[in-house]
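Enquirer: Structure file target-v7.txt (compact mmCIF, N, CA and C atoms) right here:
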# COMPACT_ATOMS: atom_id res chain seq x y z
N MET A 1 11.93 11.55 4.92
CA MET A 1 10.81 12.47 4.91
C MET A 1 9.73 11.92 3.97
N ASP A 2 8.48 12.14 4.31
CA ASP A 2 7.38 11.70 3.46
C ASP A 2 7.34 12.50 2.16
N ASP A 3 6.64 11.94 1.19
CA ASP A 3 6.50 12.66 -0.07
C ASP A 3 5.72 13.94 0.16
N ASN A 4 6.18 14.99 -0.50
CA ASN A 4 5.59 16.31 -0.32
C ASN A 4 5.47 17.02 -1.65
N ASN A 5 4.54 17.97 -1.69
CA ASN A 5 4.55 18.94 -2.77
C ASN A 5 5.59 19.98 -2.36
N LEU A 6 6.65 20.05 -3.12
CA LEU A 6 7.76 20.92 -2.78
C LEU A 6 7.81 22.11 -3.72
N LYS A 7 7.97 23.30 -3.17
CA LYS A 7 8.17 24.48 -4.02
C LYS A 7 9.67 24.63 -4.19
N ILE A 8 10.12 24.46 -5.45
CA ILE A 8 11.53 24.53 -5.80
C ILE A 8 11.78 25.87 -6.48
N ASN A 9 12.68 26.64 -5.93
CA ASN A 9 13.07 27.92 -6.53
C ASN A 9 14.36 27.71 -7.31
N PRO A 10 14.53 28.44 -8.42
CA PRO A 10 15.76 28.29 -9.19
C PRO A 10 16.99 28.60 -8.32
N PRO A 11 18.10 27.92 -8.57
CA PRO A 11 18.35 26.95 -9.62
C PRO A 11 17.93 25.53 -9.21
N LEU A 12 17.77 24.68 -10.21
CA LEU A 12 17.51 23.25 -10.03
C LEU A 12 18.53 22.53 -10.90
N TYR A 13 19.11 21.47 -10.37
CA TYR A 13 20.16 20.75 -11.09
C TYR A 13 19.80 19.28 -11.29
N MET A 14 20.28 18.75 -12.40
CA MET A 14 20.28 17.31 -12.64
C MET A 14 21.68 16.83 -12.30
N ILE A 15 21.77 15.82 -11.46
CA ILE A 15 23.07 15.21 -11.14
C ILE A 15 23.04 13.77 -11.62
N GLY A 16 24.18 13.22 -11.97
CA GLY A 16 24.16 11.85 -12.46
C GLY A 16 25.53 11.28 -12.73
N LEU A 17 25.50 10.05 -13.19
CA LEU A 17 26.68 9.33 -13.62
C LEU A 17 26.23 8.10 -14.39
N LYS A 18 27.18 7.36 -14.90
CA LYS A 18 26.88 6.07 -15.54
C LYS A 18 27.29 4.98 -14.57
N THR A 19 26.46 3.94 -14.51
CA THR A 19 26.72 2.81 -13.64
C THR A 19 26.34 1.54 -14.39
N LEU A 20 26.45 0.41 -13.73
CA LEU A 20 26.08 -0.86 -14.35
C LEU A 20 24.72 -1.31 -13.84
N CYS A 21 23.90 -1.80 -14.74
CA CYS A 21 22.60 -2.35 -14.37
C CYS A 21 22.81 -3.53 -13.43
N TRP A 22 22.04 -3.56 -12.36
CA TRP A 22 22.18 -4.63 -11.38
C TRP A 22 21.70 -5.98 -11.95
N ARG A 23 20.82 -5.94 -12.97
CA ARG A 23 20.30 -7.19 -13.52
C ARG A 23 21.15 -7.72 -14.68
N CYS A 24 21.35 -6.89 -15.72
CA CYS A 24 21.98 -7.39 -16.95
C CYS A 24 23.43 -6.93 -17.12
N GLY A 25 23.88 -5.98 -16.30
CA GLY A 25 25.26 -5.52 -16.38
C GLY A 25 25.53 -4.45 -17.44
N ALA A 26 24.51 -4.02 -18.17
CA ALA A 26 24.68 -2.98 -19.18
C ALA A 26 25.02 -1.65 -18.51
N THR A 27 25.78 -0.83 -19.22
CA THR A 27 26.05 0.52 -18.73
C THR A 27 24.78 1.35 -18.88
N MET A 28 24.45 2.07 -17.81
CA MET A 28 23.22 2.87 -17.84
C MET A 28 23.42 4.19 -17.11
N PRO A 29 22.72 5.23 -17.56
CA PRO A 29 22.77 6.49 -16.83
C PRO A 29 21.79 6.46 -15.66
N VAL A 30 22.19 7.10 -14.56
CA VAL A 30 21.27 7.32 -13.44
C VAL A 30 21.36 8.80 -13.07
N ILE A 31 20.21 9.37 -12.77
CA ILE A 31 20.17 10.79 -12.42
C ILE A 31 19.30 11.02 -11.19
N ALA A 32 19.48 12.19 -10.62
CA ALA A 32 18.64 12.66 -9.52
C ALA A 32 18.54 14.18 -9.67
N LEU A 33 17.68 14.78 -8.89
CA LEU A 33 17.55 16.23 -8.90
C LEU A 33 18.11 16.79 -7.61
N LEU A 34 18.83 17.89 -7.73
CA LEU A 34 19.42 18.57 -6.60
C LEU A 34 18.87 19.99 -6.58
N ALA A 35 18.32 20.39 -5.44
CA ALA A 35 17.64 21.68 -5.32
C ALA A 35 18.21 22.46 -4.13
N PRO A 36 18.97 23.52 -4.39
CA PRO A 36 19.52 24.31 -3.30
C PRO A 36 18.50 25.22 -2.60
N LYS A 37 17.38 25.49 -3.26
CA LYS A 37 16.41 26.44 -2.70
C LYS A 37 15.00 25.85 -2.69
N VAL A 38 14.72 25.08 -1.65
CA VAL A 38 13.39 24.48 -1.47
C VAL A 38 12.73 25.20 -0.30
N ASP A 39 11.52 25.68 -0.52
CA ASP A 39 10.81 26.37 0.57
C ASP A 39 10.73 25.49 1.80
N ASP A 40 10.84 26.10 2.97
CA ASP A 40 10.68 25.45 4.27
C ASP A 40 11.76 24.42 4.59
N THR A 41 12.97 24.59 4.03
CA THR A 41 14.07 23.66 4.36
C THR A 41 15.26 24.38 4.99
N GLU A 42 15.07 25.62 5.39
CA GLU A 42 16.12 26.38 6.07
C GLU A 42 17.43 26.42 5.28
N ASP A 43 17.32 26.66 3.97
CA ASP A 43 18.47 26.81 3.08
C ASP A 43 19.35 25.56 2.97
N GLN A 44 18.77 24.40 3.16
CA GLN A 44 19.51 23.15 2.96
C GLN A 44 19.51 22.81 1.47
N VAL A 45 20.62 22.28 0.97
CA VAL A 45 20.67 21.79 -0.40
C VAL A 45 20.07 20.39 -0.37
N CYS A 46 18.99 20.19 -1.12
CA CYS A 46 18.21 18.96 -1.05
C CYS A 46 18.39 18.09 -2.29
N ILE A 47 18.38 16.79 -2.08
CA ILE A 47 18.37 15.82 -3.17
C ILE A 47 16.99 15.20 -3.19
N LEU A 48 16.36 15.20 -4.36
CA LEU A 48 15.00 14.70 -4.48
C LEU A 48 15.01 13.25 -4.93
N SER A 49 14.11 12.45 -4.34
CA SER A 49 13.97 11.05 -4.74
C SER A 49 12.49 10.69 -4.69
N ASN A 50 12.17 9.50 -5.16
CA ASN A 50 10.79 9.02 -5.18
C ASN A 50 9.85 10.08 -5.76
N ILE A 51 10.27 10.65 -6.87
CA ILE A 51 9.52 11.73 -7.51
C ILE A 51 8.32 11.15 -8.24
N ASP A 52 7.12 11.65 -7.94
CA ASP A 52 5.97 11.16 -8.71
C ASP A 52 5.27 12.26 -9.49
N PHE A 53 5.74 13.51 -9.36
CA PHE A 53 5.25 14.57 -10.24
C PHE A 53 6.38 15.55 -10.52
N ILE A 54 6.58 15.83 -11.82
CA ILE A 54 7.55 16.83 -12.29
C ILE A 54 6.84 17.66 -13.35
N PRO A 55 6.96 18.98 -13.30
CA PRO A 55 6.36 19.79 -14.36
C PRO A 55 6.95 19.42 -15.73
N GLU A 56 6.11 19.56 -16.74
CA GLU A 56 6.49 19.13 -18.09
C GLU A 56 7.79 19.76 -18.59
N GLU A 57 8.00 21.05 -18.32
CA GLU A 57 9.21 21.69 -18.83
C GLU A 57 10.48 21.11 -18.20
N VAL A 58 10.41 20.69 -16.95
CA VAL A 58 11.55 20.06 -16.28
C VAL A 58 11.72 18.64 -16.80
N LEU A 59 10.63 17.90 -16.87
CA LEU A 59 10.68 16.52 -17.36
C LEU A 59 11.22 16.47 -18.79
N SER A 60 10.78 17.38 -19.61
CA SER A 60 11.23 17.43 -21.01
C SER A 60 12.75 17.61 -21.09
N PHE A 61 13.28 18.51 -20.28
CA PHE A 61 14.72 18.74 -20.25
C PHE A 61 15.45 17.46 -19.83
N ILE A 62 14.97 16.84 -18.76
CA ILE A 62 15.62 15.62 -18.25
C ILE A 62 15.56 14.51 -19.29
N GLN A 63 14.39 14.24 -19.84
CA GLN A 63 14.24 13.12 -20.77
C GLN A 63 14.94 13.38 -22.10
N ASN A 64 15.19 14.62 -22.44
CA ASN A 64 16.00 14.92 -23.62
C ASN A 64 17.43 14.45 -23.41
N LYS A 65 17.91 14.54 -22.17
CA LYS A 65 19.28 14.11 -21.83
C LYS A 65 19.33 12.63 -21.45
N VAL A 66 18.32 12.17 -20.69
CA VAL A 66 18.29 10.80 -20.17
C VAL A 66 16.88 10.24 -20.40
N PRO A 67 16.62 9.70 -21.61
CA PRO A 67 15.27 9.23 -21.93
C PRO A 67 14.80 8.03 -21.10
N THR A 68 15.71 7.38 -20.39
CA THR A 68 15.34 6.21 -19.58
C THR A 68 14.92 6.59 -18.15
N PHE A 69 14.79 7.88 -17.86
CA PHE A 69 14.24 8.34 -16.59
C PHE A 69 12.74 8.50 -16.82
N ILE A 70 11.97 7.49 -16.41
CA ILE A 70 10.55 7.44 -16.78
C ILE A 70 9.66 7.10 -15.57
N LEU A 71 8.39 7.46 -15.71
CA LEU A 71 7.40 7.10 -14.71
C LEU A 71 7.11 5.61 -14.85
N LYS A 72 7.40 4.86 -13.80
CA LYS A 72 7.28 3.41 -13.89
C LYS A 72 6.81 2.86 -12.55
N TYR A 73 6.03 1.79 -12.60
CA TYR A 73 5.52 1.15 -11.39
C TYR A 73 6.62 0.32 -10.73
N SER A 74 6.75 0.51 -9.43
CA SER A 74 7.71 -0.27 -8.64
C SER A 74 6.94 -1.23 -7.74
N LYS A 75 7.16 -2.52 -7.92
CA LYS A 75 6.53 -3.51 -7.04
C LYS A 75 7.02 -3.34 -5.60
N THR A 76 8.29 -2.94 -5.45
CA THR A 76 8.88 -2.80 -4.12
C THR A 76 8.15 -1.78 -3.27
N ILE A 77 7.84 -0.61 -3.85
CA ILE A 77 7.17 0.42 -3.05
C ILE A 77 5.67 0.50 -3.34
N GLY A 78 5.20 -0.24 -4.34
CA GLY A 78 3.78 -0.33 -4.61
C GLY A 78 3.15 0.88 -5.26
N ARG A 79 3.94 1.65 -6.00
CA ARG A 79 3.39 2.80 -6.71
C ARG A 79 4.35 3.21 -7.83
N LYS A 80 3.86 4.15 -8.66
CA LYS A 80 4.69 4.66 -9.75
C LYS A 80 5.52 5.83 -9.25
N TYR A 81 6.73 5.93 -9.76
CA TYR A 81 7.56 7.12 -9.56
C TYR A 81 8.53 7.22 -10.73
N PHE A 82 9.14 8.40 -10.89
CA PHE A 82 10.11 8.59 -11.96
C PHE A 82 11.38 7.86 -11.56
N ALA A 83 11.69 6.81 -12.31
CA ALA A 83 12.79 5.93 -11.96
C ALA A 83 13.81 5.85 -13.08
N ASN A 84 15.03 5.62 -12.67
CA ASN A 84 16.10 5.33 -13.62
C ASN A 84 15.90 3.89 -14.07
N THR A 85 15.85 3.67 -15.38
CA THR A 85 15.63 2.33 -15.90
C THR A 85 16.74 1.96 -16.88
N CYS A 86 17.04 0.69 -16.94
CA CYS A 86 18.10 0.20 -17.82
C CYS A 86 17.65 0.30 -19.27
N PRO A 87 18.48 0.88 -20.14
CA PRO A 87 18.10 0.98 -21.55
C PRO A 87 18.07 -0.37 -22.25
N LYS A 88 18.73 -1.38 -21.68
CA LYS A 88 18.77 -2.70 -22.32
C LYS A 88 17.64 -3.61 -21.82
N CYS A 89 17.55 -3.82 -20.51
CA CYS A 89 16.56 -4.78 -20.00
C CYS A 89 15.33 -4.12 -19.38
N ARG A 90 15.33 -2.79 -19.25
CA ARG A 90 14.20 -1.99 -18.77
C ARG A 90 13.87 -2.15 -17.28
N VAL A 91 14.75 -2.77 -16.51
CA VAL A 91 14.52 -2.92 -15.08
C VAL A 91 14.75 -1.57 -14.38
N ILE A 92 14.02 -1.33 -13.29
CA ILE A 92 14.22 -0.13 -12.47
C ILE A 92 15.48 -0.31 -11.63
N TYR A 93 16.28 0.75 -11.59
CA TYR A 93 17.37 0.83 -10.61
C TYR A 93 16.77 1.68 -9.49
N GLY A 94 16.28 1.06 -8.46
CA GLY A 94 15.46 1.70 -7.43
C GLY A 94 16.14 2.84 -6.70
N ASP A 95 15.34 3.85 -6.36
CA ASP A 95 15.85 5.01 -5.65
C ASP A 95 16.49 4.64 -4.31
N PHE A 96 15.97 3.64 -3.64
CA PHE A 96 16.58 3.25 -2.36
C PHE A 96 18.06 2.94 -2.56
N PHE A 97 18.40 2.18 -3.60
CA PHE A 97 19.77 1.77 -3.83
C PHE A 97 20.64 2.90 -4.37
N LEU A 98 20.02 3.95 -4.89
CA LEU A 98 20.76 5.11 -5.40
C LEU A 98 20.93 6.21 -4.36
N HIS A 99 20.01 6.28 -3.38
CA HIS A 99 19.98 7.41 -2.45
C HIS A 99 20.21 7.06 -0.98
N ASP A 100 19.92 5.85 -0.57
CA ASP A 100 19.80 5.58 0.87
C ASP A 100 20.90 4.72 1.48
N GLU A 101 21.87 4.32 0.72
CA GLU A 101 22.97 3.51 1.24
C GLU A 101 24.27 4.32 1.14
N PRO A 102 25.05 4.43 2.21
CA PRO A 102 26.33 5.14 2.11
C PRO A 102 27.18 4.56 0.98
N GLY A 103 27.74 5.44 0.17
CA GLY A 103 28.54 5.01 -0.98
C GLY A 103 27.73 4.85 -2.25
N ALA A 104 26.40 4.94 -2.14
CA ALA A 104 25.54 4.88 -3.34
C ALA A 104 25.77 6.15 -4.15
N PRO A 105 25.42 6.14 -5.43
CA PRO A 105 25.70 7.31 -6.27
C PRO A 105 25.26 8.66 -5.69
N PHE A 106 24.08 8.71 -5.09
CA PHE A 106 23.59 9.98 -4.58
C PHE A 106 23.65 10.07 -3.05
N PHE A 107 24.55 9.24 -2.47
CA PHE A 107 24.86 9.25 -1.04
C PHE A 107 26.37 9.08 -0.91
N PRO A 108 27.13 10.06 -1.47
CA PRO A 108 28.58 9.91 -1.45
C PRO A 108 29.13 9.91 -0.02
N SER A 109 30.14 9.08 0.20
CA SER A 109 30.77 8.99 1.52
C SER A 109 31.76 10.12 1.76
N ASP A 110 32.27 10.71 0.67
CA ASP A 110 33.26 11.77 0.81
C ASP A 110 33.30 12.62 -0.47
N GLU A 111 34.15 13.61 -0.47
CA GLU A 111 34.26 14.52 -1.62
C GLU A 111 34.70 13.79 -2.89
N GLU A 112 35.57 12.79 -2.74
CA GLU A 112 36.04 12.05 -3.92
C GLU A 112 34.88 11.33 -4.62
N GLU A 113 34.00 10.70 -3.85
CA GLU A 113 32.84 10.05 -4.46
C GLU A 113 31.91 11.09 -5.10
N ALA A 114 31.77 12.24 -4.49
CA ALA A 114 30.93 13.30 -5.06
C ALA A 114 31.51 13.79 -6.39
N LYS A 115 32.84 13.74 -6.54
CA LYS A 115 33.49 14.17 -7.78
C LYS A 115 33.18 13.24 -8.95
N SER A 116 32.68 12.04 -8.68
CA SER A 116 32.33 11.11 -9.77
C SER A 116 31.01 11.49 -10.44
N LEU A 117 30.28 12.41 -9.83
CA LEU A 117 28.99 12.85 -10.37
C LEU A 117 29.19 14.04 -11.31
N TYR A 118 28.27 14.17 -12.27
CA TYR A 118 28.20 15.41 -13.04
C TYR A 118 27.00 16.20 -12.54
N ILE A 119 27.01 17.48 -12.83
CA ILE A 119 25.90 18.35 -12.46
C ILE A 119 25.60 19.29 -13.62
N LYS A 120 24.33 19.42 -13.94
CA LYS A 120 23.90 20.29 -15.04
C LYS A 120 22.68 21.06 -14.59
N GLU A 121 22.71 22.38 -14.78
CA GLU A 121 21.58 23.20 -14.39
C GLU A 121 20.41 23.00 -15.36
N ILE A 122 19.23 22.85 -14.78
CA ILE A 122 17.99 22.75 -15.56
C ILE A 122 17.45 24.18 -15.67
N PRO A 123 17.23 24.67 -16.89
CA PRO A 123 16.77 26.05 -17.02
C PRO A 123 15.37 26.24 -16.44
N LEU A 124 15.26 27.15 -15.49
CA LEU A 124 13.98 27.51 -14.88
C LEU A 124 13.86 29.02 -14.89
N SER A 125 12.70 29.51 -15.28
CA SER A 125 12.49 30.95 -15.24
C SER A 125 11.70 31.37 -14.00
N LYS A 126 11.10 30.36 -13.33
CA LYS A 126 10.31 30.65 -12.14
C LYS A 126 10.29 29.40 -11.24
N SER A 127 9.72 29.54 -10.08
CA SER A 127 9.59 28.41 -9.16
C SER A 127 8.70 27.33 -9.76
N VAL A 128 8.94 26.09 -9.37
CA VAL A 128 8.12 24.96 -9.81
C VAL A 128 7.74 24.10 -8.61
N GLU A 129 6.68 23.33 -8.76
CA GLU A 129 6.31 22.36 -7.73
C GLU A 129 6.64 20.96 -8.22
N ILE A 130 7.27 20.21 -7.34
CA ILE A 130 7.63 18.81 -7.62
C ILE A 130 7.18 18.01 -6.41
N ARG A 131 6.58 16.85 -6.65
CA ARG A 131 6.17 15.97 -5.55
C ARG A 131 7.23 14.89 -5.40
N ALA A 132 7.91 14.91 -4.24
CA ALA A 132 9.06 14.01 -4.04
C ALA A 132 9.39 13.90 -2.56
N SER A 133 10.33 13.01 -2.28
CA SER A 133 10.94 12.92 -0.96
C SER A 133 12.21 13.76 -0.96
N LEU A 134 12.59 14.27 0.20
CA LEU A 134 13.79 15.09 0.33
C LEU A 134 14.89 14.35 1.04
N GLY A 135 16.09 14.50 0.53
CA GLY A 135 17.29 14.05 1.22
C GLY A 135 18.08 15.28 1.59
N ILE A 136 18.39 15.42 2.86
CA ILE A 136 19.12 16.59 3.34
C ILE A 136 20.40 16.11 4.00
N GLY A 137 21.49 16.81 3.72
CA GLY A 137 22.74 16.50 4.41
C GLY A 137 23.93 16.31 3.48
N LEU A 138 23.70 15.82 2.26
CA LEU A 138 24.81 15.58 1.34
C LEU A 138 24.77 16.47 0.11
N GLY A 139 23.71 17.23 -0.04
CA GLY A 139 23.57 18.06 -1.22
C GLY A 139 24.69 19.05 -1.40
N GLU A 140 25.13 19.67 -0.32
CA GLU A 140 26.21 20.66 -0.40
C GLU A 140 27.51 20.03 -0.88
N VAL A 141 27.81 18.81 -0.42
CA VAL A 141 29.03 18.11 -0.86
C VAL A 141 28.97 17.84 -2.36
N ILE A 142 27.80 17.43 -2.84
CA ILE A 142 27.64 17.17 -4.28
C ILE A 142 27.72 18.49 -5.06
N LEU A 143 27.02 19.51 -4.60
CA LEU A 143 27.01 20.80 -5.30
C LEU A 143 28.42 21.38 -5.40
N SER A 144 29.23 21.19 -4.39
CA SER A 144 30.59 21.74 -4.37
C SER A 144 31.59 20.92 -5.15
N ASN A 145 31.33 19.63 -5.35
CA ASN A 145 32.36 18.75 -5.93
C ASN A 145 32.03 18.10 -7.26
N ALA A 146 30.75 18.01 -7.62
CA ALA A 146 30.38 17.36 -8.89
C ALA A 146 30.93 18.16 -10.07
N LYS A 147 31.20 17.44 -11.18
CA LYS A 147 31.72 18.07 -12.40
C LYS A 147 30.61 18.82 -13.11
N ARG A 148 30.80 20.10 -13.33
CA ARG A 148 29.80 20.91 -14.05
C ARG A 148 29.90 20.63 -15.54
N ILE A 149 28.74 20.38 -16.15
CA ILE A 149 28.72 20.18 -17.61
C ILE A 149 27.71 21.11 -18.24
Can you dump the structure from the file as structure tokens?

Expert:
Amino acid sequence: MDDNNLKINPPLYMIGLKTLCWRCGATMPVIALLAPKVDDTEDQVCILSNIDFIPEEVLSFIQNKVPTFILKYSKTIGRKYFANTCPKCRVIYGDFFLHDEPGAPFFPSDEEEAKSLYIKEIPLSKSVEIRASLGIGLGEVILSNAKRI
């Protein structure tokens, strides 16, 4: 799906795990946002990627937990987006490799892979707008199986 201004209604979750940097091999956190209530998605649990706008209160919460989730320019897609970056070598771990390949962290092949993720609710008192791409189809598996923290 193309990037959209999405109206996200509470709850909103941060999902993630630790993985190895593809460049230097350092252990690094990677996260994504999971939204069960996005307007105009027919109650699908959505995973957000290629995020280029996040409200400050949401970004603040995320960066307090994972400071390496930053707005950074990607040569591959030719624009800036909020990307997971290695704390050691600062390279982007691109959203394509995290979201779009079966078996990738945010594209689990089964419930067991979804159990490797953690999930944490981001406190929201009202709806927010986020500009991102939507992934539909695996959100429910992650929501049901990820470890709540």

Enquirer: By how many Å are CA of Thr41 in chain A and atom N of Lys120 in chain A apart?

Expert: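 Separating CA of Thr41 in chain A from atom N of Lys120 in chain A is a distance of 21.4 Å.
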
Enquirer: Of the residues A:Glu113, A:Glu121, A:Asp43, A:Asp100, which is the one nearest to Asn145 in chain A, using only N, CA and C atoms?

Expert: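 Going through A:Glu113, A:Glu121, A:Asp43, A:Asp100 one by one, the smallest distance to Asn145 in chain A is for A:Glu113.
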
Enquirer: Give me every alpha helix (DSSP H) residue in range 14-147 of chain A, going by DSSP on the backbone, as a list in words.

Expert: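 Of range 14-147 of chain A, only Glu56, Glu57, Val58, Leu59, Ser60, Phe61, Ile62, Gln63, Asn64, Lys65, Asp95, Phe96, Phe97, Leu98, His99, Glu111, Glu112, Glu113, Ala114, Gly139, Glu140, Val141, Ile142, Leu143, Ser144 and Asn145 of chain A fall in alpha helix (DSSP H).
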
Enquirer: Extract, using only C-alpha atoms, all DNA, RNA and protein residues at most 12 Å from Val66 in chain A, discarding same-chain residues fewer than 3 positions from it, and format them as a ChimeraX atom specification.

Expert: /A:14-18,28-32,59-63,69-70,82-87

Enquirer: Contacts of Phe53 in chain A at 7 Å or less, counting all atoms listed in the file, minus same-chain residues fewer than 6 places along, as a list in words?

Expert: Tyr81, Phe82, Glu129, Ile130, Arg131 and Ala132 of chain A

Enquirer: Using CA of Lys7 in chain A and CA of Ile136 in chain A as the two end points, give the distance in Å to one decimal.

Expert: 15.4 Å

Enquirer: From the set A:Asn50, A:Asp39, A:Ala114, A:Leu98, which residue has the shortest atom-to-atom contact distance to Arg148 in chain A, counting only C-alpha atoms?

Expert: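 Under the stated criterion, the closest residue is A:Ala114.
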
Enquirer: Applying 7 Å and all atoms listed in the file, which residues near Leu48 in chain A remain after dropping the ones on its own chain fewer than 2 positions away? List them as a list in words.

Expert: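 Listed by chain and then number, they are Ala32, Leu33, Leu34, Ala35, Cys46, Asn50, Ile51, Ala132, Ser133, Leu134 and Gly135 of chain A.
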
Enquirer: Find the distance between CA of Ile92 in chain A and atom C of Leu12 in chain A and write it in Å to one decimal.

Expert: 23.1 Å

Enquirer: Taking into account only C-alpha atoms, which residue in the set A:Cys24, A:Ile122, A:Val128, A:Leu117 is nearest to Ala146 in chain A?

Expert: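 With only C-alpha atoms as the atom set, the closest residue is A:Leu117.
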
Enquirer: Edge lengths and centre, in Å to one decimal, as JSON: that's what I need for the box along x, y and z that holds all listed atoms of range 69-74 of chain A plus 4 Å on each side.

Expert:
{"center_x": 10.2, "center_y": 3.6, "center_z": -12.8, "size_x": 17.3, "size_y": 17.7, "size_z": 18.1}

Enquirer: Once DSSP has gone over the backbone, tell me which residues of chain A are in strand (DSSP E or B), as a ChimeraX atom specification.

Expert: /A:4-8,12-20,27-35,38,46-53,69-74,79-85,92-93,118-122,128-136,147-148

Enquirer: Return the single residue from A:Phe106, A:Lys37, A:Val91, A:Ile149 that is closest to Arg23 in chain A, with distances computed using only C-alpha atoms.

Expert: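 Closest candidate: A:Val91.
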